[in-house]
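Here's entry_18.cif, which has mmCIF, C-alpha atoms:
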data_input
loop_
_atom_site.group_PDB
_atom_site.id
_atom_site.type_symbol
_atom_site.label_atom_id
_atom_site.label_comp_id
_atom_site.auth_asym_id
_atom_site.auth_seq_id
_atom_site.Cartn_x
_atom_site.Cartn_y
_atom_site.Cartn_z
ATOM 1 C CA MET A 1067 59.784 11.841 59.046
ATOM 2 C CA SER A 1068 57.229 9.075 58.513
ATOM 3 C CA GLU A 1069 55.845 8.348 55.064
ATOM 4 C CA ASP A 1070 52.436 9.666 56.168
ATOM 5 C CA LYS A 1071 54.013 12.961 57.242
ATOM 6 C CA VAL A 1072 55.938 13.246 53.964
ATOM 7 C CA THR A 1073 52.706 12.697 52.010
ATOM 8 C CA ALA A 1074 50.772 15.213 54.114
ATOM 9 C CA LEU A 1075 53.550 17.792 53.836
ATOM 10 C CA GLY A 1076 53.774 17.278 50.071
ATOM 11 C CA LYS A 1077 50.044 17.889 49.692
ATOM 12 C CA ILE A 1078 49.986 21.078 51.736
ATOM 13 C CA VAL A 1079 53.144 22.487 50.104
ATOM 14 C CA SER A 1080 51.706 21.715 46.659
ATOM 15 C CA GLY A 1081 48.371 23.276 47.540
ATOM 16 C CA SER A 1082 49.992 26.322 49.129
ATOM 17 C CA LEU A 1083 52.206 27.046 46.112
ATOM 18 C CA ARG A 1084 49.853 25.966 43.307
ATOM 19 C CA HIS A 1085 46.202 26.160 44.316
ATOM 20 C CA PHE A 1086 45.234 27.929 47.563
ATOM 21 C CA PRO A 1087 48.056 30.190 48.796
ATOM 22 C CA ARG A 1088 45.784 32.862 50.266
ATOM 23 C CA ASP A 1089 43.678 30.326 52.152
ATOM 24 C CA ILE A 1090 46.726 29.266 54.121
ATOM 25 C CA GLY A 1091 48.287 32.742 54.402
ATOM 26 C CA VAL A 1092 50.997 32.464 51.745
ATOM 27 C CA GLU A 1093 51.738 35.379 49.425
ATOM 28 C CA LEU A 1094 52.959 34.525 45.917
ATOM 29 C CA ASP A 1095 54.551 37.073 43.608
ATOM 30 C CA ASP A 1096 53.821 37.142 39.855
ATOM 31 C CA ASP A 1097 56.464 34.455 39.218
ATOM 32 C CA GLY A 1098 54.999 32.170 41.895
ATOM 33 C CA TRP A 1099 57.722 32.778 44.496
ATOM 34 C CA ALA A 1100 56.874 32.833 48.204
ATOM 35 C CA SER A 1101 59.060 33.435 51.210
ATOM 36 C CA LEU A 1102 60.200 30.076 52.580
ATOM 37 C CA ASP A 1103 59.820 31.515 56.102
ATOM 38 C CA ASN A 1104 56.232 32.593 55.296
ATOM 39 C CA LEU A 1105 55.365 29.145 53.911
ATOM 40 C CA TYR A 1106 56.929 27.414 56.910
ATOM 41 C CA SER A 1107 55.156 29.593 59.481
ATOM 42 C CA SER A 1108 51.814 29.347 57.637
ATOM 43 C CA ILE A 1109 51.953 25.548 57.606
ATOM 44 C CA SER A 1110 53.475 24.978 61.060
ATOM 45 C CA ARG A 1111 50.739 27.087 62.698
ATOM 46 C CA ARG A 1112 48.212 24.421 61.813
ATOM 47 C CA ASN A 1113 47.733 21.810 64.572
ATOM 48 C CA ARG A 1114 48.283 18.910 62.208
ATOM 49 C CA TYR A 1115 51.766 20.273 61.365
ATOM 50 C CA ASN A 1116 53.040 21.333 64.807
ATOM 51 C CA TRP A 1117 55.955 18.888 64.300
ATOM 52 C CA LEU A 1118 57.194 20.717 61.192
ATOM 53 C CA GLU A 1119 60.695 22.198 60.938
ATOM 54 C CA LYS A 1120 61.752 24.406 58.036
ATOM 55 C CA GLN A 1121 64.358 21.847 57.007
ATOM 56 C CA HIS A 1122 61.533 19.345 56.353
ATOM 57 C CA ILE A 1123 60.312 21.581 53.523
ATOM 58 C CA GLU A 1124 63.855 21.945 52.195
ATOM 59 C CA VAL A 1125 64.342 18.159 52.181
ATOM 60 C CA LEU A 1126 60.955 17.679 50.485
ATOM 61 C CA VAL A 1127 62.089 19.991 47.670
ATOM 62 C CA GLN A 1128 65.530 18.374 47.359
ATOM 63 C CA THR A 1129 64.124 14.847 47.199
ATOM 64 C CA ASP A 1130 61.118 15.509 44.950
ATOM 65 C CA GLU A 1131 61.694 13.171 42.002
ATOM 66 C CA LYS A 1132 59.430 15.202 39.722
ATOM 67 C CA GLY A 1133 61.309 18.446 40.362
ATOM 68 C CA ARG A 1134 58.087 20.341 41.066
ATOM 69 C CA TYR A 1135 59.658 22.938 43.353
ATOM 70 C CA GLU A 1136 62.704 25.105 43.644
ATOM 71 C CA ILE A 1137 64.255 27.113 46.454
ATOM 72 C CA ARG A 1138 66.436 30.147 45.784
ATOM 73 C CA ASP A 1139 67.558 33.031 47.998
ATOM 74 C CA GLY A 1140 65.156 32.194 50.821
ATOM 75 C CA GLU A 1141 62.183 31.800 48.491
ATOM 76 C CA ILE A 1142 60.303 28.759 47.223
ATOM 77 C CA ARG A 1143 57.992 28.108 44.287
ATOM 78 C CA ALA A 1144 56.272 25.394 42.319
ATOM 79 C CA THR A 1145 57.549 25.380 38.747
ATOM 80 C CA TYR A 1146 54.317 24.077 37.191
ATOM 81 C CA GLY A 1147 50.814 22.838 37.960
ATOM 82 C CA HIS A 1148 49.311 26.163 39.058
ATOM 83 C CA THR A 1149 45.606 26.892 39.141
ATOM 84 C CA VAL A 1150 46.239 30.356 40.620
ATOM 85 C CA ASP A 1151 47.242 33.217 38.352
ATOM 86 C CA VAL A 1152 51.044 33.194 38.340
ATOM 87 C CA ASP A 1153 53.494 32.985 35.452
ATOM 88 C CA PRO A 1154 56.798 31.465 36.574
ATOM 89 C CA GLU A 1155 59.786 32.677 34.586
ATOM 90 C CA LEU A 1156 61.136 29.424 33.191
ATOM 91 C CA PRO A 1157 64.207 28.794 31.057
ATOM 92 C CA MET A 1158 63.854 28.968 27.284
ATOM 93 C CA VAL A 1159 65.695 25.908 26.014
ATOM 94 C CA GLU A 1160 65.356 23.880 22.857
ATOM 95 C CA ALA A 1161 62.553 21.371 23.224
ATOM 96 C CA PRO A 1162 62.814 17.772 22.103
ATOM 97 C CA GLU A 1163 61.552 17.043 18.598
ATOM 98 C CA GLU A 1164 58.288 15.762 20.092
ATOM 99 C CA LEU A 1165 56.423 16.191 23.351
ATOM 100 C CA TYR A 1166 53.252 14.381 24.376
ATOM 101 C CA TYR A 1167 49.808 15.136 25.759
ATOM 102 C CA GLY A 1168 47.348 12.498 26.923
ATOM 103 C CA SER A 1169 43.709 13.005 26.032
ATOM 104 C CA SER A 1170 40.342 11.316 25.877
ATOM 105 C CA GLU A 1171 38.970 10.353 22.470
ATOM 106 C CA GLU A 1172 36.239 13.007 22.799
ATOM 107 C CA GLU A 1173 38.723 15.738 23.670
ATOM 108 C CA ALA A 1174 41.213 14.741 20.944
ATOM 109 C CA GLY A 1175 38.931 15.790 18.067
ATOM 110 C CA ARG A 1176 38.366 19.209 19.611
ATOM 111 C CA VAL A 1177 42.082 19.633 20.310
ATOM 112 C CA LEU A 1178 42.925 18.982 16.654
ATOM 113 C CA GLU A 1179 40.465 21.735 15.665
ATOM 114 C CA ILE A 1180 41.314 24.458 18.174
ATOM 115 C CA GLY A 1181 44.697 23.406 19.566
ATOM 116 C CA LEU A 1182 45.788 22.696 23.115
ATOM 117 C CA LYS A 1183 44.629 25.283 25.637
ATOM 118 C CA PRO A 1184 44.786 25.187 29.434
ATOM 119 C CA ALA A 1185 41.776 23.522 31.031
ATOM 120 C CA ASP A 1186 42.021 23.520 34.817
ATOM 121 C CA LYS A 1187 45.551 24.894 35.048
ATOM 122 C CA VAL A 1188 47.186 28.154 33.984
ATOM 123 C CA LYS A 1189 49.392 26.453 31.351
ATOM 124 C CA VAL A 1190 49.216 23.443 29.042
ATOM 125 C CA HIS A 1191 51.402 20.677 30.480
ATOM 126 C CA LEU A 1192 53.366 18.467 28.082
ATOM 127 C CA SER A 1193 55.441 15.396 28.802
ATOM 128 C CA GLU A 1194 58.734 14.146 27.409
ATOM 129 C CA GLU A 1195 57.525 10.574 27.938
ATOM 130 C CA LYS A 1196 54.567 8.920 26.215
ATOM 131 C CA GLU A 1197 53.870 6.820 29.305
ATOM 132 C CA SER A 1198 53.607 9.896 31.536
ATOM 133 C CA ALA A 1199 51.173 11.628 29.188
ATOM 134 C CA LEU A 1200 48.989 8.526 29.004
ATOM 135 C CA GLN A 1201 49.128 8.040 32.768
ATOM 136 C CA VAL A 1202 47.842 11.579 33.345
ATOM 137 C CA ALA A 1203 45.022 11.022 30.845
ATOM 138 C CA SER A 1204 44.158 7.672 32.456
ATOM 139 C CA SER A 1205 42.894 9.512 35.527
ATOM 140 C CA SER A 1206 39.987 10.878 33.461
ATOM 141 C CA THR A 1207 39.415 8.297 30.706
ATOM 142 C CA ASP A 1208 39.594 4.534 30.280
ATOM 143 C CA ASN A 1209 40.974 4.787 26.734
ATOM 144 C CA PRO A 1210 43.608 7.521 26.630
ATOM 145 C CA ILE A 1211 44.726 8.887 23.278
ATOM 146 C CA LEU A 1212 48.237 10.207 22.726
ATOM 147 C CA ILE A 1213 48.566 13.608 21.082
ATOM 148 C CA ILE A 1214 51.981 14.246 19.594
ATOM 149 C CA VAL A 1215 53.214 17.825 19.767
ATOM 150 C CA ARG A 1216 55.843 18.718 17.177
ATOM 151 C CA SER A 1217 57.485 20.875 19.791
ATOM 152 C CA ARG A 1218 60.730 21.842 18.121
ATOM 153 C CA GLU A 1219 58.879 22.883 14.954
ATOM 154 C CA ALA A 1220 56.461 24.898 17.106
ATOM 155 C CA GLN A 1221 59.317 26.651 18.923
ATOM 156 C CA VAL A 1222 60.948 27.581 15.611
ATOM 157 C CA SER A 1223 57.613 29.198 14.683
ATOM 158 C CA ASP A 1224 57.668 31.267 17.913
ATOM 159 C CA VAL A 1225 55.360 29.114 20.040
ATOM 160 C CA ASP A 1226 56.624 29.639 23.593
ATOM 161 C CA ILE A 1227 57.299 26.199 25.100
ATOM 162 C CA ARG A 1228 59.396 26.113 28.260
ATOM 163 C CA LYS A 1229 60.949 23.440 30.421
ATOM 164 C CA ALA A 1230 59.275 23.441 33.835
ATOM 165 C CA ALA A 1231 60.829 20.393 35.496
ATOM 166 C CA LYS A 1232 62.306 16.993 34.811
ATOM 167 C CA GLY A 1233 60.232 15.630 31.918
ATOM 168 C CA VAL A 1234 57.639 18.437 32.058
ATOM 169 C CA TRP A 1235 57.222 21.339 29.631
ATOM 170 C CA VAL A 1236 54.582 24.085 29.648
ATOM 171 C CA ALA A 1237 53.034 26.442 27.110
ATOM 172 C CA ASP A 1238 50.264 29.020 27.045
ATOM 173 C CA GLU A 1239 48.750 27.070 24.157
ATOM 174 C CA ILE A 1240 49.748 24.912 21.194
ATOM 175 C CA PRO A 1241 48.142 25.705 17.810
ATOM 176 C CA PRO A 1242 46.553 22.753 15.965
ATOM 177 C CA ALA A 1243 49.133 22.932 13.149
ATOM 178 C CA TYR A 1244 51.689 21.285 15.482
ATOM 179 C CA LEU A 1245 49.479 18.458 16.738
ATOM 180 C CA GLU A 1246 48.639 14.958 15.600
ATOM 181 C CA VAL A 1247 46.759 12.109 17.240
ATOM 182 C CA LYS A 1248 48.505 8.802 17.721
ATOM 183 C CA GLN A 1249 46.090 5.850 17.787
ATOM 184 C CA ASP A 1250 48.591 2.963 17.660
ATOM 185 C CA ILE A 1251 50.844 3.743 20.580
ATOM 186 C CA ASP A 1252 54.385 2.405 20.616
ATOM 187 C CA LEU A 1253 55.738 3.234 24.055
ATOM 188 C CA ARG A 1254 59.371 2.929 22.991
#
Re-express the file's structure as structure tokens.
Amino acid sequence: MSEDKVTALGKIVSGSLRHFPRDIGVELDDDGWASLDNLYSSISRRNRYNWLEKQHIEVLVQTDEKGRYEIRDGEIRATYGHTVDVDPELPMVEAPEELYYGSSEEEAGRVLEIGLKPADKVKVHLSEEKESALQVASSSTDNPILIIVRSREAQVSDVDIRKAAKGVWVADEIPPAYLEVKQDIDLR
């Protein structure tokens, strides 16, 4: 498969499982699972994807470095990044001491007052790596601010934080008591 085809397939799989399943004819259950056969047939029906084989989707999932998808028992889902109303059942494991969220300076003040709440997604997305959090924020601001989430302390206080994929954790929200802004960023 050419790099262009891999990119195009990645975009339509992501969109189908995270953002516009009904538009393409994919049915998601409450946990975000869809039939792999349904996803394959919905995508391959489109002229631009008449080359698609089901194994292409399977390879895309297996080689996705971010671990955004999983396949189990003939079903597929995105583990995070949803804008449609699903709530994937994710493992409850002990979080690292700290997780990170990238923000703009304007948003950071509000976050410290009201906490982290989902904006354009169903869940708040947190990163294990400072660089990743800042990179995400860089898409919307020239001067990203790092918000430190005292994640283990929050979990001990019954804040539900779950591991979604390699380096990515999600929560319904994070109360302000577990947040602090980091101005001088040491990326080590």
Pick from A:Glu1246, A:Lys1189, A:Ala1161, A:Ala1174 nearest to Gly1233 in chain A, counting all atoms listed in the file: A:Ala1161
Residue nearest Tyr1166 in chain A - candidates A:Asp1151, A:Glu1194, A:Asp1139, A:Glu1069, atoms counted: all atoms listed in the file: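 Looking only at the distances to Tyr1166 in chain A, the closest residue turns out to be A:Glu1194.
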Residues within 12 Å of Ser1223 in chain A, all atoms listed in the file, excluding chain neighbours under 3 positions, as an NGL selection string: :A and (1216-1220 or 1226-1227 or 1240-1241 or 1243-1244)
Quick one: write out the picked residues with C-alpha atoms as an mmCIF file, keeping the file's coordinate frame?
data_model
loop_
_atom_site.group_PDB
_atom_site.id
_atom_site.type_symbol
_atom_site.label_atom_id
_atom_site.label_comp_id
_atom_site.auth_asym_id
_atom_site.auth_seq_id
_atom_site.Cartn_x
_atom_site.Cartn_y
_atom_site.Cartn_z
ATOM 1 C CA ARG A 1216 55.843 18.718 17.177
ATOM 2 C CA SER A 1217 57.485 20.875 19.791
ATOM 3 C CA ARG A 1218 60.730 21.842 18.121
ATOM 4 C CA GLU A 1219 58.879 22.883 14.954
ATOM 5 C CA ALA A 1220 56.461 24.898 17.106
ATOM 6 C CA ASP A 1226 56.624 29.639 23.593
ATOM 7 C CA ILE A 1227 57.299 26.199 25.100
ATOM 8 C CA ILE A 1240 49.748 24.912 21.194
ATOM 9 C CA PRO A 1241 48.142 25.705 17.810
ATOM 10 C CA ALA A 1243 49.133 22.932 13.149
ATOM 11 C CA TYR A 1244 51.689 21.285 15.482
#
Residues returned when the PyMOL selection byres ((chain A and resi 1097) around 12) runs on this file, as a ChimeraX atom specification: /A:1083-1084,1093-1096,1098-1100,1141-1146,1148,1150-1156
Two-atom distance - CA of Lys1248 in chain A, CA of Ile1211 in chain A (Å): 6.7 Å
Proximity to Ser1108 in chain A - best of A:Val1127, A:Ile1078, A:Val1215, A:Val1247, all atoms listed in the file: A:Ile1078
Among listed residues A:Tyr1115, A:Tyr1135, A:Trp1235, A:Tyr1106, nearest Met1158 in chain A (using only C-alpha atoms):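 The closest residue to Met1158 in chain A is A:Trp1235.
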Selection dump of the PyMOL selection byres ((chain A and resi 1203) around 12), as an MDAnalysis selection string: chainID A and resid 1166:1171 1173:1174 1191:1193 1196:1202 1204:1213
Atom pair CA of Val1222 in chain A / CA of Lys1132 in chain A: separation (Å):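 The value is 27.1 Å.
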Hits from the PyMOL selection byres ((chain A and resi 1180) around 10), listed as a PyMOL selection string: chain A and resi 1175-1179+1181-1183+1239-1243
Separation of CA of Val1234 in chain A from CA of Glu1160 in chain A in Å: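 It comes out at 13.2 Å.
Among A:Val1125, A:Val1159, A:Ile1090, A:Ile1109, the residue with the shortest atom-to-atom distance to Met1067 in chain A, counting all atoms listed in the file, is A:Val1125.
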